[in-house]
Each structure stands twice: as C-alpha cells, then as structure tokens.
file query02.txt (compact mmCIF, C-alpha atoms)
# COMPACT_ATOMS: atom_id res chain seq x y z
CA MET A 1 72.24 104.27 11.33
CA ALA A 2 74.94 102.63 9.21
CA ASP A 3 77.45 104.83 7.43
CA ALA A 4 80.90 104.65 5.89
CA PHE A 5 82.52 104.39 9.31
CA ASP A 6 80.80 101.05 9.91
CA GLU A 7 82.90 99.45 7.18
CA GLN A 8 85.56 97.00 8.29
CA CYS A 9 88.86 98.83 8.01
CA ASP A 10 92.20 97.15 7.44
CA TYR A 11 94.15 99.82 9.28
CA LEU A 12 93.60 102.57 11.81
CA PHE A 13 96.17 105.36 11.44
CA LYS A 14 96.47 108.13 13.99
CA ALA A 15 97.99 111.42 12.86
CA VAL A 16 98.34 114.79 14.57
CA LEU A 17 98.35 118.38 13.36
CA ILE A 18 100.69 120.70 15.22
CA GLY A 19 101.78 124.32 14.89
CA ASP A 20 101.07 127.74 16.33
CA SER A 21 97.54 128.87 17.11
CA GLY A 22 95.79 130.49 14.16
CA VAL A 23 97.72 128.80 11.34
CA GLY A 24 94.58 127.00 10.14
CA LYS A 25 94.92 123.49 11.56
CA SER A 26 91.23 123.14 12.41
CA ASN A 27 90.12 124.25 8.95
CA LEU A 28 92.56 121.87 7.27
CA ILE A 29 90.97 119.01 9.19
CA SER A 30 87.48 120.35 8.50
CA ARG A 31 88.22 120.47 4.76
CA PHE A 32 89.64 116.96 4.75
CA ALA A 33 87.11 115.23 7.00
CA LYS A 34 83.92 117.22 6.38
CA HIS A 35 84.58 119.21 3.18
CA GLU A 36 83.83 122.37 5.15
CA PHE A 37 85.54 125.69 5.86
CA LEU A 38 84.50 127.84 8.82
CA LEU A 39 85.26 131.54 8.55
CA ASP A 40 84.55 132.02 12.26
CA SER A 41 86.62 129.03 13.39
CA LYS A 42 87.49 129.33 17.08
CA PRO A 43 90.83 128.30 18.65
CA THR A 44 90.99 124.64 19.59
CA ILE A 45 90.90 124.02 23.34
CA GLY A 46 92.96 120.98 24.28
CA VAL A 47 92.51 118.30 21.60
CA GLU A 48 89.80 117.50 19.07
CA PHE A 49 89.81 114.84 16.38
CA ALA A 50 88.00 113.73 13.24
CA TYR A 51 87.79 110.53 11.19
CA ARG A 52 87.75 109.79 7.50
CA ASN A 53 87.91 106.48 5.67
CA ILE A 54 90.41 106.41 2.80
CA ARG A 55 91.12 103.62 0.32
CA VAL A 56 94.81 103.30 -0.47
CA ARG A 57 95.60 100.66 -3.06
CA ASP A 58 93.58 97.63 -1.91
CA LYS A 59 93.25 98.60 1.75
CA LEU A 60 90.58 100.59 3.56
CA ILE A 61 92.18 102.93 6.10
CA LYS A 62 90.43 104.81 8.86
CA ALA A 63 92.41 108.01 9.39
CA GLN A 64 92.06 109.45 12.87
CA ILE A 65 93.29 113.04 12.68
CA TRP A 66 93.97 114.87 15.95
CA ASP A 67 93.87 118.66 16.12
CA THR A 68 96.14 119.85 18.93
CA ALA A 69 95.79 123.30 20.43
CA GLY A 70 98.58 125.69 19.48
CA GLN A 71 98.31 127.88 22.57
CA GLU A 72 101.33 127.61 24.83
CA ARG A 73 99.31 126.91 27.95
CA PHE A 74 97.93 123.70 26.45
CA ARG A 75 101.23 122.24 25.25
CA ALA A 76 101.84 120.23 28.42
CA ILE A 77 98.39 118.69 28.02
CA THR A 78 98.68 117.85 24.33
CA SER A 79 102.18 116.37 24.45
CA SER A 80 100.78 113.01 25.55
CA TYR A 81 98.64 112.84 22.42
CA TYR A 82 101.71 112.45 20.19
CA ARG A 83 102.12 108.90 21.44
CA GLY A 84 100.84 106.32 19.01
CA ALA A 85 100.71 108.75 16.08
CA LEU A 86 102.09 107.33 12.85
CA GLY A 87 102.04 110.65 11.02
CA ALA A 88 102.13 114.36 11.71
CA MET A 89 101.31 117.50 9.77
CA LEU A 90 103.40 120.47 10.93
CA VAL A 91 101.58 123.65 9.88
CA TYR A 92 102.65 127.28 9.62
CA ASP A 93 101.01 130.41 8.16
CA ILE A 94 102.87 131.78 5.11
CA THR A 95 101.73 135.31 6.08
CA LYS A 96 103.26 135.16 9.58
CA ARG A 97 107.00 134.57 9.74
CA THR A 98 106.88 133.90 13.47
CA THR A 99 104.81 130.76 12.84
CA PHE A 100 107.49 129.51 10.46
CA MET A 101 110.28 130.36 12.90
CA ASN A 102 108.47 128.28 15.53
CA VAL A 103 108.37 125.23 13.25
CA ARG A 104 111.75 124.10 14.56
CA LYS A 105 110.43 124.20 18.14
CA TRP A 106 107.37 122.16 17.19
CA LEU A 107 109.48 119.65 15.29
CA HIS A 108 111.74 119.22 18.33
CA GLU A 109 108.70 118.60 20.53
CA LEU A 110 107.25 116.18 18.00
CA ARG A 111 110.44 114.14 17.89
CA GLU A 112 110.81 114.24 21.65
CA PHE A 113 107.33 112.92 22.41
CA GLY A 114 106.46 111.05 19.23
CA GLY A 115 109.80 109.78 17.99
CA GLU A 116 111.65 110.45 14.76
CA ASP A 117 110.03 107.55 12.92
CA MET A 118 106.80 109.35 12.00
CA VAL A 119 105.87 110.40 8.50
CA VAL A 120 105.96 114.20 8.78
CA ILE A 121 104.52 116.69 6.28
CA LEU A 122 105.51 120.35 6.57
CA VAL A 123 102.58 122.51 5.41
CA GLY A 124 102.63 126.20 4.57
CA ASN A 125 98.96 127.19 4.80
CA LYS A 126 96.92 130.23 3.61
CA THR A 127 98.33 130.59 0.09
CA ASP A 128 95.11 132.46 -0.76
CA LEU A 129 96.71 135.39 1.09
CA GLY A 130 99.73 135.44 -1.19
CA GLN A 131 99.79 139.24 -1.31
CA SER A 132 100.65 139.20 2.41
CA ARG A 133 103.23 136.41 2.14
CA GLU A 134 106.15 136.64 4.58
CA VAL A 135 107.58 133.15 4.04
CA GLU A 136 108.68 132.19 0.53
CA LYS A 137 107.92 128.72 -0.76
CA GLU A 138 111.64 128.06 -1.24
CA GLU A 139 112.22 128.64 2.49
CA GLY A 140 109.70 126.00 3.48
CA LYS A 141 111.02 123.57 0.88
CA GLY A 142 114.60 124.16 2.00
CA PHE A 143 113.79 123.52 5.66
CA SER A 144 111.85 120.35 4.82
CA GLU A 145 114.71 118.97 2.72
CA LYS A 146 117.21 119.67 5.49
CA GLU A 147 115.04 117.90 8.07
CA GLY A 148 113.93 115.02 5.84
CA LEU A 149 110.28 116.07 5.72
CA CYS A 150 107.71 116.21 2.96
CA PHE A 151 106.53 119.70 2.03
CA MET A 152 103.42 121.24 0.52
CA GLU A 153 101.70 124.64 0.48
CA THR A 154 97.94 124.66 0.97
CA SER A 155 94.88 126.87 1.20
CA ALA A 156 92.08 125.57 3.41
CA LEU A 157 89.90 128.45 2.20
CA GLN A 158 90.34 127.59 -1.49
CA ASN A 159 90.66 123.85 -0.79
CA LEU A 160 94.04 123.86 -2.54
CA ASN A 161 96.32 120.85 -1.96
CA VAL A 162 94.51 119.93 1.28
CA GLU A 163 93.41 116.51 0.03
CA GLU A 164 96.81 115.95 -1.56
CA ALA A 165 98.71 116.72 1.65
CA PHE A 166 96.66 114.33 3.78
CA LEU A 167 96.69 111.58 1.16
CA GLN A 168 100.45 111.89 0.76
CA MET A 169 100.90 111.41 4.49
CA ILE A 170 98.46 108.50 4.73
CA THR A 171 99.87 106.77 1.65
CA LYS A 172 103.42 106.98 3.00
CA ILE A 173 102.26 105.52 6.33
CA HIS A 174 100.48 102.74 4.44
CA ASP A 175 103.57 101.90 2.40
CA ILE A 176 105.71 101.63 5.53
CA THR A 177 103.19 99.54 7.44
CA SER A 178 102.60 97.22 4.47
CA GLN A 179 106.33 96.59 4.21
CA LYS A 180 106.53 95.86 7.93
CA SER A 181 103.56 93.50 7.67
CA LEU A 182 105.16 91.66 4.76
CA GLU A 183 108.46 91.33 6.60
CA ALA A 184 106.69 89.98 9.68
CA LYS A 185 104.79 87.37 7.65
CA MET A 186 107.94 86.29 5.83
CA ASN A 187 109.63 85.81 9.19
CA GLY A 188 106.68 83.76 10.36
CA SER A 189 106.03 86.02 13.31
CA THR A 190 104.24 89.18 14.35
CA LEU A 191 105.74 92.26 15.88
CA SER A 192 104.94 93.10 19.47
CA LEU A 193 103.26 96.31 20.48
CA SER A 194 105.69 99.01 21.56
CA SER A 195 104.91 102.50 22.83
CA GLY A 196 101.68 102.55 20.85
CA LYS A 197 103.55 102.80 17.55
CA GLU A 198 102.30 99.46 16.24
CA ILE A 199 98.66 98.54 15.84
CA HIS A 200 97.38 95.01 15.27
CA ILE A 201 94.18 95.16 13.25
CA ALA A 202 92.58 92.59 10.96
CA ASP A 203 95.64 90.30 11.14
CA GLU A 204 97.80 93.08 9.77
CA VAL A 205 100.73 94.51 11.72
CA THR A 206 101.37 98.21 11.32
CA ALA A 207 104.58 99.83 12.36
CA THR A 208 106.78 102.76 11.43
CA LYS A 209 110.40 103.28 10.64
CA GLN A 210 112.49 106.35 9.91
CA VAL A 211 112.15 107.31 6.26
CA ASN A 212 112.55 110.34 4.07
CA CYS A 213 109.02 110.40 2.73
CA CYS A 214 109.98 112.57 -0.22
CA SER A 215 112.55 110.13 -1.56
CA ARG A 216 111.77 108.26 -4.71

call {"tool": "encode", "arguments": {"input": "query02.txt", "output": "structure tokens"}}
result
Amino acid sequence: MADAFDEQCDYLFKAVLIGDSGVGKSNLISRFAKHEFLLDSKPTIGVEFAYRNIRVRDKLIKAQIWDTAGQERFRAITSSYYRGALGAMLVYDITKRTTFMNVRKWLHELREFGGEDMVVILVGNKTDLGQSREVEKEEGKGFSEKEGLCFMETSALQNLNVEEAFLQMITKIHDITSQKSLEAKMNGSTLSLSSGKEIHIADEVTATKQVNCCSR
C-alpha cells in the first residue's frame, strides 16, 4: 500500500542518537517519527532505526534516524553504525549529572568513528522533571559553545522542542549538502564517494564539512 515513504526523495540523510542508557533517546525518535511516547519504553538492544520524510525548502528529505544502545556492552557493536551518518544528536538527562559528565566520552567516540564533520546537536532531555534538575541549562549551553555544537533542551514526554531539535539538525545538513552540490556543479564535476559520508541520489551530491551549526 502506497504511503509517504513511496515518494521520490531528493536526499537520504542518516543521523544517529547517542548517549547513556535511559536518557530518552528512543522516546525522542518515537516522538519525531511516530508522534508517540511510551511510558514503558525498554532499553534499546543493539541498534534500531526509524524514518520520516521532511520537506526542507524545495527538497524532500528522507531522514533515517538510528537509535544506538547506550549500554556499555553494546558500544563495540554500535560504533560501526556511526559511519555514513551526516548528523548526530548527543543526548543527556538533565536530572542525572553522570549522563552529562559522560557527554565528553560520547563526543570523543563520535568524532573517532564518525569524523568531526557531522552536524551535532547536544540535547538535554527530560525538562518535564525540572524539579529534579541536576544539570543547569547554562552548563549544557556552555559545553556546546566550547565544542562547536548546537544545543537545545527537550521533553519527549511533553513533546517540547523535539521537532525543533531534529529539524535544526536536518536543515543544517541540507544547507551543507546543497552548498556542496552547487560547488560540484559549478566545477562541472561530481564528488566521489568517500567513507560513506557522501550520498549520490537523484543527481544531487551530498557531503559534509566541518561547521559550527549555531553560527549565523
């Protein structure tokens, strides 16, 4: 049966969610892709993913969002899934300082396996539990500015800023890939595939470059 996913997309963007187990990665994806929130959400085993078609400017983008398990024993398995990702959402729980302290470790792993040229959004999730907050918003913002990341606080439960966070990431990826495509056409050539970071779809070339996605 035909549905929205049968539409011809201009781009396919792969993005990953990373962070400690229990920070709400699965529910962020569920909110974005299915408009659902599961109170009894179980820990992700290995890797799961979801799709959603998004129109950015005049292009139809199929976003392929990968949910990587946060448990330590699965990290060796999931590291390979960073390859080919054009964006990443690095998630911590504002009510658990340890998840914020581990952000640096996750960011190091992300840059080791996925490269520093991804669009990365730092997300402080579970703002609906503000009375139990252990990480102030200014701390997350400060870390993101130091590392050249975008930053946003969200609540998957209340559906607060979830759409905005994903759309910010996807739009930034689109802007970079569109610029690369334009440069390639002006040069009268196409860019070759390299390490899965460039995707040739519908005569468009997508690629990434290092950028501070919060710059204006």

call {"tool": "residues_around", "arguments": {"input": "query02.txt", "residues": "stretch 123-137 of chain A", "least_positions_apart": "4", "cutoff": "8 Å", "atoms": "all atoms listed in the file", "output": "PDB file with C-alpha atoms, in the coordinates of the input"}}
result
ATOM      1  CA  VAL A  23      97.720 128.800  11.340  1.00  0.00           C
ATOM      2  CA  GLY A  24      94.580 127.000  10.140  1.00  0.00           C
ATOM      3  CA  MET A  89     101.310 117.500   9.770  1.00  0.00           C
ATOM      4  CA  LEU A  90     103.400 120.470  10.930  1.00  0.00           C
ATOM      5  CA  VAL A  91     101.580 123.650   9.880  1.00  0.00           C
ATOM      6  CA  TYR A  92     102.650 127.280   9.620  1.00  0.00           C
ATOM      7  CA  ASP A  93     101.010 130.410   8.160  1.00  0.00           C
ATOM      8  CA  ILE A  94     102.870 131.780   5.110  1.00  0.00           C
ATOM      9  CA  THR A  95     101.730 135.310   6.080  1.00  0.00           C
ATOM     10  CA  LYS A  96     103.260 135.160   9.580  1.00  0.00           C
ATOM     11  CA  ARG A  97     107.000 134.570   9.740  1.00  0.00           C
ATOM     12  CA  PHE A 100     107.490 129.510  10.460  1.00  0.00           C
ATOM     13  CA  LYS A 141     111.020 123.570   0.880  1.00  0.00           C
ATOM     14  CA  PHE A 151     106.530 119.700   2.030  1.00  0.00           C
ATOM     15  CA  MET A 152     103.420 121.240   0.520  1.00  0.00           C
ATOM     16  CA  GLU A 153     101.700 124.640   0.480  1.00  0.00           C
ATOM     17  CA  THR A 154      97.940 124.660   0.970  1.00  0.00           C
ATOM     18  CA  SER A 155      94.880 126.870   1.200  1.00  0.00           C
ATOM     19  CA  ALA A 156      92.080 125.570   3.410  1.00  0.00           C
ATOM     20  CA  LEU A 157      89.900 128.450   2.200  1.00  0.00           C
ATOM     21  CA  GLN A 158      90.340 127.590  -1.490  1.00  0.00           C
ATOM     22  CA  ALA A 165      98.710 116.720   1.650  1.00  0.00           C
TER      23      ALA A 165
END

call {"tool": "residues_around", "arguments": {"input": "query02.txt", "residues": "A:Lys14", "least_positions_apart": "5", "cutoff": "12 Å", "atoms": "only C-alpha atoms", "output": "PyMOL selection string"}}
result
chain A and resi 49-52+61-67+81-89+114+118-119+166+169-170+173-174+196-199+206-208

call {"tool": "write_last_selection", "arguments": {"input": "query02.txt", "atoms": "C-alpha atoms", "output": "mmCIF file, in the coordinates of the input"}}
result
data_model
loop_
_atom_site.group_PDB
_atom_site.id
_atom_site.type_symbol
_atom_site.label_atom_id
_atom_site.label_comp_id
_atom_site.auth_asym_id
_atom_site.auth_seq_id
_atom_site.Cartn_x
_atom_site.Cartn_y
_atom_site.Cartn_z
ATOM 1 C CA PHE A 49 89.810 114.840 16.380
ATOM 2 C CA ALA A 50 88.000 113.730 13.240
ATOM 3 C CA TYR A 51 87.790 110.530 11.190
ATOM 4 C CA ARG A 52 87.750 109.790 7.500
ATOM 5 C CA ILE A 61 92.180 102.930 6.100
ATOM 6 C CA LYS A 62 90.430 104.810 8.860
ATOM 7 C CA ALA A 63 92.410 108.010 9.390
ATOM 8 C CA GLN A 64 92.060 109.450 12.870
ATOM 9 C CA ILE A 65 93.290 113.040 12.680
ATOM 10 C CA TRP A 66 93.970 114.870 15.950
ATOM 11 C CA ASP A 67 93.870 118.660 16.120
ATOM 12 C CA TYR A 81 98.640 112.840 22.420
ATOM 13 C CA TYR A 82 101.710 112.450 20.190
ATOM 14 C CA ARG A 83 102.120 108.900 21.440
ATOM 15 C CA GLY A 84 100.840 106.320 19.010
ATOM 16 C CA ALA A 85 100.710 108.750 16.080
ATOM 17 C CA LEU A 86 102.090 107.330 12.850
ATOM 18 C CA GLY A 87 102.040 110.650 11.020
ATOM 19 C CA ALA A 88 102.130 114.360 11.710
ATOM 20 C CA MET A 89 101.310 117.500 9.770
ATOM 21 C CA GLY A 114 106.460 111.050 19.230
ATOM 22 C CA MET A 118 106.800 109.350 12.000
ATOM 23 C CA VAL A 119 105.870 110.400 8.500
ATOM 24 C CA PHE A 166 96.660 114.330 3.780
ATOM 25 C CA MET A 169 100.900 111.410 4.490
ATOM 26 C CA ILE A 170 98.460 108.500 4.730
ATOM 27 C CA ILE A 173 102.260 105.520 6.330
ATOM 28 C CA HIS A 174 100.480 102.740 4.440
ATOM 29 C CA GLY A 196 101.680 102.550 20.850
ATOM 30 C CA LYS A 197 103.550 102.800 17.550
ATOM 31 C CA GLU A 198 102.300 99.460 16.240
ATOM 32 C CA ILE A 199 98.660 98.540 15.840
ATOM 33 C CA THR A 206 101.370 98.210 11.320
ATOM 34 C CA ALA A 207 104.580 99.830 12.360
ATOM 35 C CA THR A 208 106.780 102.760 11.430
#

call {"tool": "atom_distance", "arguments": {"input": "query02.txt", "atom1": "atom CA of A:Gln168", "atom2": "atom CA of A:Val16"}}
result
14.3 Å

call {"tool": "closest_residue", "arguments": {"input": "query02.txt", "among": "A:Ser80, A:Asn159, A:Gly140, A:Ala15", "to": "A:Glu112", "atoms": "only C-alpha atoms"}}
result
A:Ser80

call {"tool": "closest_residue", "arguments": {"input": "query02.txt", "among": "A:Glu139, A:Ser144, A:Glu48, A:Ala33", "to": "A:Leu107", "atoms": "all atoms listed in the file"}}
result
A:Ser144

call {"tool": "atom_distance", "arguments": {"input": "query02.txt", "atom1": "atom CA of A:Cys9", "atom2": "atom CA of A:Arg111"}}
result
28.2 Å

call {"tool": "closest_residue", "arguments": {"input": "query02.txt", "among": "A:Asp20, A:Glu36, A:Glu147, A:Glu163", "to": "A:Ile54", "atoms": "all atoms listed in the file"}}
result
A:Glu163

call {"tool": "closest_residue", "arguments": {"input": "query02.txt", "among": "A:Ser26, A:Asn53, A:Thr68, A:Thr99", "to": "A:Asp10", "atoms": "all atoms listed in the file"}}
result
A:Asn53

call {"tool": "closest_residue", "arguments": {"input": "query02.txt", "among": "A:His35, A:Lys185, A:Lys180, A:Lys172", "to": "A:Ile121", "atoms": "only C-alpha atoms"}}
result
A:Lys172

call {"tool": "atom_distance", "arguments": {"input": "query02.txt", "atom1": "atom CA of A:Tyr11", "atom2": "atom CA of A:Trp106"}}
result
27.1 Å

call {"tool": "closest_residue", "arguments": {"input": "query02.txt", "among": "A:Thr98, A:Gln8, A:Asn187, A:Ser181", "to": "A:Gly22", "atoms": "all atoms listed in the file"}}
result
A:Thr98
